[in-house]
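Chemist: One file: structure31.cif (mmCIF, C-alpha atoms).
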data_protein
#
loop_
_atom_site.label_atom_id
_atom_site.label_comp_id
_atom_site.auth_asym_id
_atom_site.auth_seq_id
_atom_site.Cartn_x
_atom_site.Cartn_y
_atom_site.Cartn_z
CA MET U 41 -13.00 -1.41 -33.53
CA LYS U 42 -16.27 0.46 -33.07
CA SER U 43 -16.23 3.57 -30.94
CA LEU U 44 -18.13 3.64 -27.64
CA ARG U 45 -20.65 5.95 -29.27
CA HIS U 46 -21.63 3.20 -31.72
CA ARG U 47 -21.53 0.40 -29.12
CA LEU U 48 -23.70 2.09 -26.48
CA PRO U 49 -27.27 3.36 -26.39
CA ALA U 50 -27.92 6.95 -25.32
CA LEU U 51 -26.21 7.41 -21.93
CA LYS U 52 -29.30 9.24 -20.70
CA SER U 53 -31.31 6.04 -21.10
CA LEU U 54 -28.75 4.09 -19.06
CA MET U 55 -28.84 6.67 -16.29
CA VAL U 56 -32.64 6.50 -16.23
CA PHE U 57 -32.48 2.69 -16.17
CA GLU U 58 -30.03 2.77 -13.25
CA ALA U 59 -32.34 4.99 -11.18
CA ALA U 60 -35.50 3.09 -12.11
CA GLY U 61 -33.89 -0.29 -11.42
CA ARG U 62 -32.50 0.88 -8.08
CA THR U 63 -35.76 2.40 -6.81
CA LEU U 64 -38.12 0.01 -8.64
CA ASN U 65 -40.42 2.99 -8.86
CA PHE U 66 -40.70 5.21 -11.96
CA THR U 67 -42.16 8.09 -9.91
CA ARG U 68 -39.26 8.12 -7.46
CA ALA U 69 -36.75 7.80 -10.30
CA ALA U 70 -38.38 10.79 -12.00
CA GLU U 71 -38.15 12.86 -8.80
CA GLU U 72 -34.50 11.92 -8.36
CA LEU U 73 -33.60 12.90 -11.93
CA HIS U 74 -35.90 15.96 -11.98
CA VAL U 75 -37.90 14.77 -14.98
CA SER U 76 -41.46 13.61 -15.52
CA GLN U 77 -42.60 10.03 -15.04
CA ALA U 78 -43.49 9.99 -18.72
CA ALA U 79 -39.87 10.80 -19.55
CA ILE U 80 -38.72 7.83 -17.47
CA SER U 81 -41.13 5.50 -19.27
CA LYS U 82 -40.03 6.87 -22.64
CA GLN U 83 -36.32 6.24 -21.93
CA VAL U 84 -36.97 2.74 -20.57
CA LYS U 85 -39.02 1.89 -23.67
CA TYR U 86 -36.23 3.22 -25.92
CA LEU U 87 -33.65 1.09 -24.11
CA GLU U 88 -35.80 -2.03 -24.28
CA GLU U 89 -36.27 -1.55 -28.02
CA TYR U 90 -32.54 -0.95 -28.45
CA LEU U 91 -31.68 -4.16 -26.56
CA GLY U 92 -34.53 -6.25 -27.88
CA PHE U 93 -35.79 -7.59 -24.54
CA PRO U 94 -37.85 -6.28 -21.60
CA LEU U 95 -35.98 -4.76 -18.68
CA PHE U 96 -38.91 -4.71 -16.28
CA GLU U 97 -41.87 -6.90 -15.45
CA ARG U 98 -44.93 -4.79 -14.75
CA HIS U 99 -47.44 -5.92 -12.13
CA GLY U 100 -50.08 -3.20 -12.01
CA ARG U 101 -48.33 -0.13 -10.61
CA ARG U 102 -45.41 -2.21 -9.37
CA VAL U 103 -42.34 -2.96 -11.46
CA ILE U 104 -39.54 -5.43 -10.88
CA LEU U 105 -36.46 -6.09 -12.94
CA SER U 106 -36.62 -8.94 -15.39
CA SER U 107 -33.95 -11.62 -15.16
CA ARG U 108 -31.86 -10.04 -17.96
CA GLY U 109 -32.71 -6.57 -16.69
CA GLU U 110 -31.27 -7.49 -13.29
CA GLN U 111 -28.05 -8.73 -14.88
CA LEU U 112 -27.67 -5.54 -16.90
CA HIS U 113 -28.57 -3.28 -13.98
CA GLU U 114 -25.84 -4.76 -11.80
CA LYS U 115 -23.17 -3.87 -14.36
CA VAL U 116 -24.63 -0.49 -15.32
CA SER U 117 -24.87 0.51 -11.67
CA ALA U 118 -21.30 -0.61 -10.94
CA SER U 119 -20.04 1.30 -13.99
CA PHE U 120 -21.75 4.55 -12.99
CA TYR U 121 -20.44 4.31 -9.42
CA TYR U 122 -16.96 3.66 -10.77
CA LEU U 123 -17.18 6.78 -12.93
CA ALA U 124 -18.58 8.81 -10.04
CA ASP U 125 -15.70 7.74 -7.79
CA ALA U 126 -13.18 8.72 -10.47
CA VAL U 127 -14.76 12.17 -10.81
CA ASP U 128 -14.85 12.61 -7.01
CA GLU U 129 -11.15 11.74 -6.77
CA GLN U 130 -10.19 14.30 -9.40
CA ARG U 131 -12.40 16.99 -7.90
CA ALA U 132 -10.81 16.34 -4.52
CA LEU U 133 -7.37 16.92 -6.00
CA VAL U 134 -8.41 20.42 -7.03
CA THR U 135 -8.88 21.44 -3.39
CA THR U 136 -6.36 19.02 -1.83
CA THR U 137 -2.59 19.29 -1.84
CA SER U 138 -1.04 16.11 -3.27
CA ILE U 139 2.41 14.94 -2.20
CA THR U 140 4.11 11.83 -3.60
CA VAL U 141 6.32 9.82 -1.24
CA SER U 142 8.40 6.85 -2.39
CA ALA U 143 10.00 4.02 -0.42
CA ASN U 144 10.85 0.35 -0.79
CA THR U 145 8.29 -2.29 0.17
CA ALA U 146 9.72 -2.96 3.65
CA VAL U 147 9.92 0.72 4.64
CA SER U 148 6.47 1.44 3.19
CA HIS U 149 4.84 -1.43 5.07
CA TYR U 150 6.62 -1.37 8.41
CA TRP U 151 7.57 2.27 8.94
CA LEU U 152 6.08 4.77 6.50
CA SER U 153 2.45 3.70 6.93
CA HIS U 154 2.66 4.31 10.69
CA ALA U 155 4.38 7.67 10.19
CA ILE U 156 1.75 8.87 7.70
CA ASN U 157 -1.07 7.81 10.01
CA GLY U 158 0.58 9.80 12.75
CA PHE U 159 0.86 12.82 10.49
CA HIS U 160 -2.84 12.71 9.59
CA ARG U 161 -3.76 12.47 13.27
CA ALA U 162 -1.55 15.42 14.13
CA TYR U 163 -2.72 17.57 11.20
CA ASP U 164 -6.28 16.40 10.64
CA ASN U 165 -7.27 19.95 9.73
CA ARG U 166 -5.11 19.90 6.58
CA ALA U 167 -6.57 18.66 3.29
CA LEU U 168 -3.47 16.76 2.21
CA ASN U 169 -3.42 13.76 -0.13
CA ILE U 170 -0.29 11.66 0.42
CA ARG U 171 0.39 9.26 -2.46
CA VAL U 172 2.86 6.45 -1.80
CA ILE U 173 4.95 4.83 -4.54
CA THR U 174 6.61 1.53 -3.61
CA SER U 175 9.53 -0.10 -5.41
CA ASP U 176 12.56 -2.18 -4.45
CA ASN U 177 14.50 -0.62 -7.31
CA THR U 178 16.24 2.43 -5.84
CA GLN U 179 16.20 4.33 -9.13
CA ASP U 180 12.39 4.16 -9.21
CA LEU U 181 12.24 6.07 -5.92
CA PHE U 182 13.78 9.14 -7.55
CA SER U 183 11.42 9.68 -10.47
CA ASP U 184 10.46 13.24 -11.36
CA GLU U 185 6.98 12.90 -9.83
CA VAL U 186 8.34 12.13 -6.34
CA ASN U 187 8.41 14.89 -3.72
CA ILE U 188 9.92 12.93 -0.84
CA ALA U 189 11.85 9.66 -0.96
CA ILE U 190 12.98 7.27 1.75
CA ALA U 191 15.88 5.28 0.35
CA TYR U 192 18.50 2.80 1.49
CA GLU U 193 21.98 4.07 0.68
CA PRO U 194 21.03 5.79 -2.59
CA GLY U 195 24.32 7.65 -2.97
CA ALA U 196 24.63 11.34 -3.78
CA ARG U 197 21.73 12.69 -5.85
CA ALA U 198 21.92 16.04 -7.59
CA GLY U 199 18.89 18.18 -6.81
CA TRP U 200 17.87 16.11 -3.79
CA LYS U 201 18.34 17.24 -0.18
CA MET U 202 19.35 14.28 1.99
CA LYS U 203 19.07 13.71 5.74
CA THR U 204 19.88 10.55 7.70
CA LEU U 205 16.74 8.83 8.92
CA PHE U 206 18.24 5.86 10.81
CA ALA U 207 21.24 3.55 10.70
CA GLU U 208 20.91 -0.08 9.67
CA GLU U 209 21.20 -2.71 12.38
CA LEU U 210 20.35 -6.38 11.82
CA PHE U 211 19.87 -9.20 14.35
CA PRO U 212 18.19 -12.65 14.42
CA VAL U 213 14.47 -12.77 15.23
CA ALA U 214 11.89 -15.52 15.48
CA SER U 215 8.38 -16.09 16.78
CA PRO U 216 7.80 -16.98 20.46
CA GLU U 217 6.34 -20.32 19.35
CA TYR U 218 9.45 -21.20 17.35
CA LEU U 219 11.78 -20.32 20.23
CA LYS U 220 9.68 -22.37 22.64
CA ALA U 221 10.01 -25.39 20.38
CA PHE U 222 13.65 -24.74 19.42
CA PRO U 223 15.36 -22.70 22.16
CA VAL U 224 18.63 -21.01 21.24
CA VAL U 225 21.61 -21.90 23.43
CA GLY U 226 25.25 -20.90 23.33
CA ASP U 227 27.06 -17.62 22.93
CA ASN U 228 28.47 -18.00 19.44
CA PRO U 229 26.77 -16.60 16.32
CA ALA U 230 27.85 -19.76 14.47
CA GLU U 231 25.13 -21.57 16.46
CA PHE U 232 22.61 -20.10 14.05
CA LEU U 233 24.08 -22.14 11.21
CA ASN U 234 22.20 -25.10 12.73
CA ARG U 235 18.86 -23.28 12.70
CA ARG U 236 16.08 -23.22 10.14
CA LEU U 237 17.09 -19.97 8.43
CA LEU U 238 14.75 -17.79 6.38
CA ASP U 239 16.20 -15.36 3.84
CA PHE U 240 15.18 -13.17 0.89
CA ASP U 241 16.43 -12.53 -2.62
CA ARG U 242 18.94 -9.68 -2.88
CA ILE U 243 17.53 -7.39 -5.55
CA GLU U 244 20.36 -4.91 -5.08
CA PRO U 245 23.96 -5.84 -4.23
CA ASN U 246 24.22 -3.76 -1.03
CA TRP U 247 21.36 -5.59 0.71
CA ILE U 248 22.47 -7.76 3.64
CA ASN U 249 21.49 -11.43 3.86
CA TRP U 250 22.55 -14.24 6.21
CA LYS U 251 25.81 -14.85 4.37
CA VAL U 252 26.89 -11.21 4.69
CA TRP U 253 25.71 -11.10 8.32
CA PHE U 254 27.72 -14.18 9.33
CA GLU U 255 30.83 -12.93 7.54
CA ALA U 256 30.56 -9.59 9.36
CA LEU U 257 30.80 -11.58 12.61
CA SER U 258 33.76 -13.65 11.30
CA VAL U 259 31.72 -16.85 10.97
CA ASP U 260 32.73 -19.34 8.27
CA THR U 261 29.71 -19.67 5.94
CA GLN U 262 30.80 -22.84 4.18
CA GLY U 263 28.10 -24.81 5.99
CA LEU U 264 25.38 -22.20 5.53
CA SER U 265 22.03 -23.61 4.40
CA ILE U 266 18.90 -21.53 3.79
CA SER U 267 15.68 -23.41 4.50
CA SER U 268 13.27 -21.00 2.79
CA ARG U 269 13.83 -17.99 0.58
CA PHE U 270 11.34 -15.23 -0.23
CA ASN U 271 11.22 -12.55 -2.90
CA ASN U 272 10.45 -9.66 -0.54
CA TYR U 273 11.00 -8.64 3.07
CA ILE U 274 7.29 -8.54 4.00
CA MET U 275 6.79 -12.21 3.08
CA LEU U 276 9.99 -13.04 4.94
CA ILE U 277 8.84 -11.39 8.19
CA ASP U 278 5.38 -12.93 7.89
CA ALA U 279 6.98 -16.39 7.60
CA ALA U 280 9.02 -15.72 10.74
CA LYS U 281 5.88 -14.59 12.61
CA ARG U 282 4.22 -17.87 11.64
CA GLY U 283 7.04 -19.81 13.28
CA GLN U 284 8.75 -21.09 10.14
CA GLY U 285 12.26 -20.25 11.32
CA VAL U 286 14.79 -17.54 12.20
CA THR U 287 15.41 -14.51 10.03
CA LEU U 288 17.26 -11.21 10.20
CA GLY U 289 15.23 -8.33 11.54
CA THR U 290 16.08 -4.74 10.74
CA ARG U 291 15.85 -2.38 13.69
CA HIS U 292 13.42 0.53 13.25
CA LEU U 293 11.50 -1.46 10.63
CA ILE U 294 10.37 -4.29 12.94
CA ASP U 295 10.53 -2.53 16.32
CA SER U 296 6.74 -2.58 16.64
CA LYS U 297 6.69 -6.35 15.98
CA LEU U 298 9.15 -6.83 18.83
CA LYS U 299 7.17 -4.60 21.15
CA ASP U 300 3.85 -6.36 20.57
CA GLY U 301 5.45 -9.80 20.91
CA GLN U 302 4.86 -11.11 17.41
CA LEU U 303 8.63 -11.54 17.08
CA CYS U 304 11.41 -11.90 19.62
CA ARG U 305 15.04 -10.94 19.35
CA VAL U 306 16.87 -14.27 19.55
CA SER U 307 20.26 -13.09 20.83
CA ASP U 308 22.42 -10.05 21.49
CA PHE U 309 24.40 -10.62 18.31
CA SER U 310 23.81 -7.87 15.79
CA VAL U 311 25.52 -6.20 12.85
CA LEU U 312 25.74 -2.46 12.37
CA SER U 313 26.34 -2.33 8.65
CA GLY U 314 27.44 1.30 8.54
CA ARG U 315 24.71 1.93 5.99
CA ARG U 316 21.68 4.15 6.46
CA TYR U 317 18.17 4.88 5.38
CA TRP U 318 17.88 8.42 4.09
CA LEU U 319 15.04 10.93 3.98
CA VAL U 320 15.32 12.81 0.70
CA LEU U 321 13.56 15.94 -0.56
CA ASN U 322 13.23 16.68 -4.28
CA GLU U 323 14.41 20.29 -4.62
CA ALA U 324 13.71 20.28 -8.37
CA LYS U 325 9.97 20.42 -7.64
CA PRO U 326 8.22 23.33 -5.90
CA ILE U 327 8.51 22.78 -2.16
CA THR U 328 5.15 23.78 -0.75
CA GLU U 329 4.46 24.48 2.90
CA ASP U 330 2.68 21.13 3.19
CA CYS U 331 5.55 19.27 1.54
CA GLN U 332 8.09 20.81 3.91
CA LEU U 333 5.78 20.09 6.85
CA LEU U 334 5.57 16.40 5.92
CA PHE U 335 9.32 16.17 5.34
CA ASP U 336 10.02 17.66 8.79
CA TRP U 337 7.37 15.43 10.35
CA LEU U 338 8.95 12.25 8.94
CA GLU U 339 12.37 13.30 10.20
CA HIS U 340 11.13 14.15 13.68
CA TYR U 341 8.75 11.18 13.83
CA GLU U 342 11.66 8.77 13.76
CA ALA U 343 13.64 10.78 16.30
CA SER U 344 10.69 11.16 18.69
CA ASN U 345 9.70 7.50 18.50
CA ARG U 346 13.17 6.03 18.66
CA HIS U 347 13.22 5.79 22.45
CA ARG U 348 10.01 3.73 22.58
CA TYR U 349 11.68 0.54 21.42
CA LEU U 350 15.09 0.86 23.03
#
For the structure just supplied, provide its representation as structure tokens.

Modeler:
Amino acid sequence: MKSLRHRLPALKSLMVFEAAGRTLNFTRAAEELHVSQAAISKQVKYLEEYLGFPLFERHGRRVILSSRGEQLHEKVSASFYYLADAVDEQRALVTTTSITVSANTAVSHYWLSHAINGFHRAYDNRALNIRVITSDNTQDLFSDEVNIAIAYEPGARAGWKMKTLFAEELFPVASPEYLKAFPVVGDNPAEFLNRRLLDFDRIEPNWINWKVWFEALSVDTQGLSISSRFNNYIMLIDAAKRGQGVTLGTRHLIDSKLKDGQLCRVSDFSVLSGRRYWLVLNEAKPITEDCQLLFDWLEHYEASNRHRYL
């Protein structure tokens, strides 16, 4: 395979072409690049000879891109902006503290994003880049690059400081439209066996689905039938919001959906699993002031917001 050096013309000519094609004025392109107009013309001529077709159509002092020149300019311009963005990102990291936070997809989407937004609002004077890693495989959340993890029952982890974030509680939820069409009656959790139930695939064995939930309430699950199954919790909750059936909501994760009315708690039946979500700090990495600040913020954010949805 040829190297980029042998596949591309002189990069200077491409940069000149980008400026000339964007401004459609060789004089303005020359001023922008701090060269003479003659230098612009020379580079454009070189590039046209290299490619074997004209890049511009000249109408007196006016120039416009040729058809093929326009096609090339679109890609050259996009490529330079892509490179410029990459350089800007890396330069920003030099002056910005970067902290990596990991969590599963449900926590990242329904809880962590709100908490991080709150942190940025509270500390908008701090140049802090928070990078989020999402995985439903618990082991992935504890990679060496992670500073802070939010994990569901990860077990003891050497070198990681653990604090309880919130306990797991699960109860049936559905959209207002679904409940209007199919109101829930009765005071027995077994009544839900007759509902259109939505569930998700258990990636890890300690996750709780409808079968585990019913058994925790001493309901015989022999007649259990799942209408629709999804491969992640976000798709599951979205289906419930669209009125496709009843699913299990996890308190703390979907509290905001209950508050804004997108979902409704269907009954008072709930299961406290005895399991917890944990906030975990990687003590094997240097714990900067910003990292400790974010860790404390996440812990106190949950505590301070807990009363809002009770």

Chemist: Can you turn the PyMOL selection byres ((chain U and resi 263-274) around 7) into a concrete residue list for this file, as a list in words?

Modeler: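 Output from the PyMOL selection byres ((chain U and resi 263-274) around 7), applied to this file: Ala146, Leu233, Arg236, Leu237, Leu238, Asp239, Phe240, Asp241, Thr261, Gln262, Met275, Leu276, Ile277 and Asp278 of chain U.
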
Chemist: Excluding Ser215 in chain U and residues on its chain fewer than 5 positions from it, collect all residues at most 10 Å away from it, counting all atoms listed in the file, and give them as number ranges by chain.

Modeler: U: 220, 277-287, 297-298, 301-306

Chemist: Restricting the calculation to only C-alpha atoms: of U:Ser307, U:Ser258, U:Asn144, U:Gln179, which residue gets closest to Pro223 in chain U?

Modeler: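 Closest to Pro223 in chain U, using only C-alpha atoms: U:Ser307.
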
Chemist: Got a sec to resolve the PyMOL selection byres ((chain U and resi 248) around 12) on this structure and send the residues as a ChimeraX atom specification?

Modeler: /U:192,208-211,239-247,249-256,273,287-290,311-315

Chemist: For those residues, write C-alpha atoms to a file as a JSON list (two decimals), in the coordinates of the input.

Modeler:
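Here's the written file again_6.json:
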[["chain", "number", "residue", "atom", "x", "y", "z"],
["U", 192, "TYR", "CA", 18.50, 2.80, 1.49],
["U", 208, "GLU", "CA", 20.91, -0.08, 9.67],
["U", 209, "GLU", "CA", 21.20, -2.71, 12.38],
["U", 210, "LEU", "CA", 20.35, -6.38, 11.82],
["U", 211, "PHE", "CA", 19.87, -9.20, 14.35],
["U", 239, "ASP", "CA", 16.20, -15.36, 3.84],
["U", 240, "PHE", "CA", 15.18, -13.17, 0.89],
["U", 241, "ASP", "CA", 16.43, -12.53, -2.62],
["U", 242, "ARG", "CA", 18.94, -9.68, -2.88],
["U", 243, "ILE", "CA", 17.53, -7.39, -5.55],
["U", 244, "GLU", "CA", 20.36, -4.91, -5.08],
["U", 245, "PRO", "CA", 23.96, -5.84, -4.23],
["U", 246, "ASN", "CA", 24.22, -3.76, -1.03],
["U", 247, "TRP", "CA", 21.36, -5.59, 0.71],
["U", 249, "ASN", "CA", 21.49, -11.43, 3.86],
["U", 250, "TRP", "CA", 22.55, -14.24, 6.21],
["U", 251, "LYS", "CA", 25.81, -14.85, 4.37],
["U", 252, "VAL", "CA", 26.89, -11.21, 4.69],
["U", 253, "TRP", "CA", 25.71, -11.10, 8.32],
["U", 254, "PHE", "CA", 27.72, -14.18, 9.33],
["U", 255, "GLU", "CA", 30.83, -12.93, 7.54],
["U", 256, "ALA", "CA", 30.56, -9.59, 9.36],
["U", 273, "TYR", "CA", 11.00, -8.64, 3.07],
["U", 287, "THR", "CA", 15.41, -14.51, 10.03],
["U", 288, "LEU", "CA", 17.26, -11.21, 10.20],
["U", 289, "GLY", "CA", 15.23, -8.33, 11.54],
["U", 290, "THR", "CA", 16.08, -4.74, 10.74],
["U", 311, "VAL", "CA", 25.52, -6.20, 12.85],
["U", 312, "LEU", "CA", 25.74, -2.46, 12.37],
["U", 313, "SER", "CA", 26.34, -2.33, 8.65],
["U", 314, "GLY", "CA", 27.44, 1.30, 8.54],
["U", 315, "ARG", "CA", 24.71, 1.93, 5.99]]

Chemist: Go through the shown structure with the PyMOL selection byres ((chain U and resi 173-175) around 8) and write out the matching residues as a PyMOL selection string.

Modeler: chain U and resi 140-145+148+171-172+176-178+180-181

Chemist: What is the distance, in Å and to one decimal place, between CA of Leu73 in chain U and CA of His46 in chain U?

Modeler: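 The value is 25.1 Å.
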
Chemist: Taking only C-alpha atoms into account, which of U:Leu321, U:Leu112, U:Ala69, U:Leu64 comes nearest Arg197 in chain U?

Modeler: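 Counting only C-alpha atoms, the residue closest to Arg197 in chain U is U:Leu321.
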
Chemist: Between CA of Tyr163 in chain U and CA of Glu329 in chain U, what is the distance in Å, rounded to a tenth?

Modeler: 13.0 Å

Chemist: Rounded to one decimal place, report the CA of Ile327 in chain U-CA of Asn187 in chain U distance in Å.

Modeler: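 These atoms are spaced 8.0 Å apart.
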
Chemist: Quick one: of U:Phe93, U:Tyr218, U:Phe335, U:Phe206, who's nearest to Trp151 in chain U, counting all atoms listed in the file?

Modeler: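 Nearest to Trp151 in chain U: U:Phe206.
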
Chemist: Do a neighbour search on Phe66 in chain U at 8 Å with all atoms listed in the file, toss out local chain neighbours closer than 5 positions, and write the hits as number ranges by chain.

Modeler: U: 60, 77, 80-81

Chemist: Using all atoms listed in the file, which residues sit within 12 Å of Gly195 in chain U once same-chain residues fewer than 5 positions away are excluded, as number ranges by chain?

Modeler: U: 178-179, 182, 200-204, 246, 315-318, 320

Chemist: Have a look at U:Val103, U:Arg98, U:Phe120, U:Leu334 and name the one nearest to Glu58 in chain U; count all atoms listed in the file.

Modeler: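 Closest residue, counting all atoms listed in the file: U:Phe120.
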
Chemist: Kindly reconstruct range 149-161 of chain U with N, CA and C atoms and present the result as a tab-separated table (two decimals), keeping the file's coordinate frame.

Modeler:
chain	number	residue	atom	x	y	z
U	149	HIS	N	5.74	-0.59	4.27
U	149	HIS	CA	4.84	-1.43	5.07
U	149	HIS	C	5.07	-1.29	6.57
U	150	TYR	N	6.32	-1.30	6.98
U	150	TYR	CA	6.62	-1.37	8.41
U	150	TYR	C	6.89	-0.03	9.08
U	151	TRP	N	7.23	0.99	8.31
U	151	TRP	CA	7.57	2.27	8.94
U	151	TRP	C	6.74	3.43	8.40
U	152	LEU	N	6.72	3.59	7.08
U	152	LEU	CA	6.08	4.77	6.50
U	152	LEU	C	4.58	4.82	6.77
U	153	SER	N	3.90	3.69	6.71
U	153	SER	CA	2.45	3.70	6.93
U	153	SER	C	2.10	4.22	8.32
U	154	HIS	N	2.90	3.83	9.32
U	154	HIS	CA	2.66	4.31	10.69
U	154	HIS	C	2.94	5.82	10.79
U	155	ALA	N	4.01	6.25	10.13
U	155	ALA	CA	4.38	7.67	10.19
U	155	ALA	C	3.31	8.53	9.53
U	156	ILE	N	2.79	8.10	8.39
U	156	ILE	CA	1.75	8.87	7.70
U	156	ILE	C	0.47	8.91	8.51
U	157	ASN	N	0.10	7.80	9.14
U	157	ASN	CA	-1.07	7.81	10.01
U	157	ASN	C	-0.91	8.80	11.14
U	158	GLY	N	0.30	8.84	11.70
U	158	GLY	CA	0.58	9.80	12.75
U	158	GLY	C	0.48	11.23	12.27
U	159	PHE	N	0.95	11.47	11.06
U	159	PHE	CA	0.86	12.82	10.49
U	159	PHE	C	-0.59	13.25	10.32
U	160	HIS	N	-1.43	12.36	9.79
U	160	HIS	CA	-2.84	12.71	9.59
U	160	HIS	C	-3.54	12.96	10.92
U	161	ARG	N	-3.16	12.21	11.95
U	161	ARG	CA	-3.76	12.47	13.27
U	161	ARG	C	-3.33	13.81	13.82
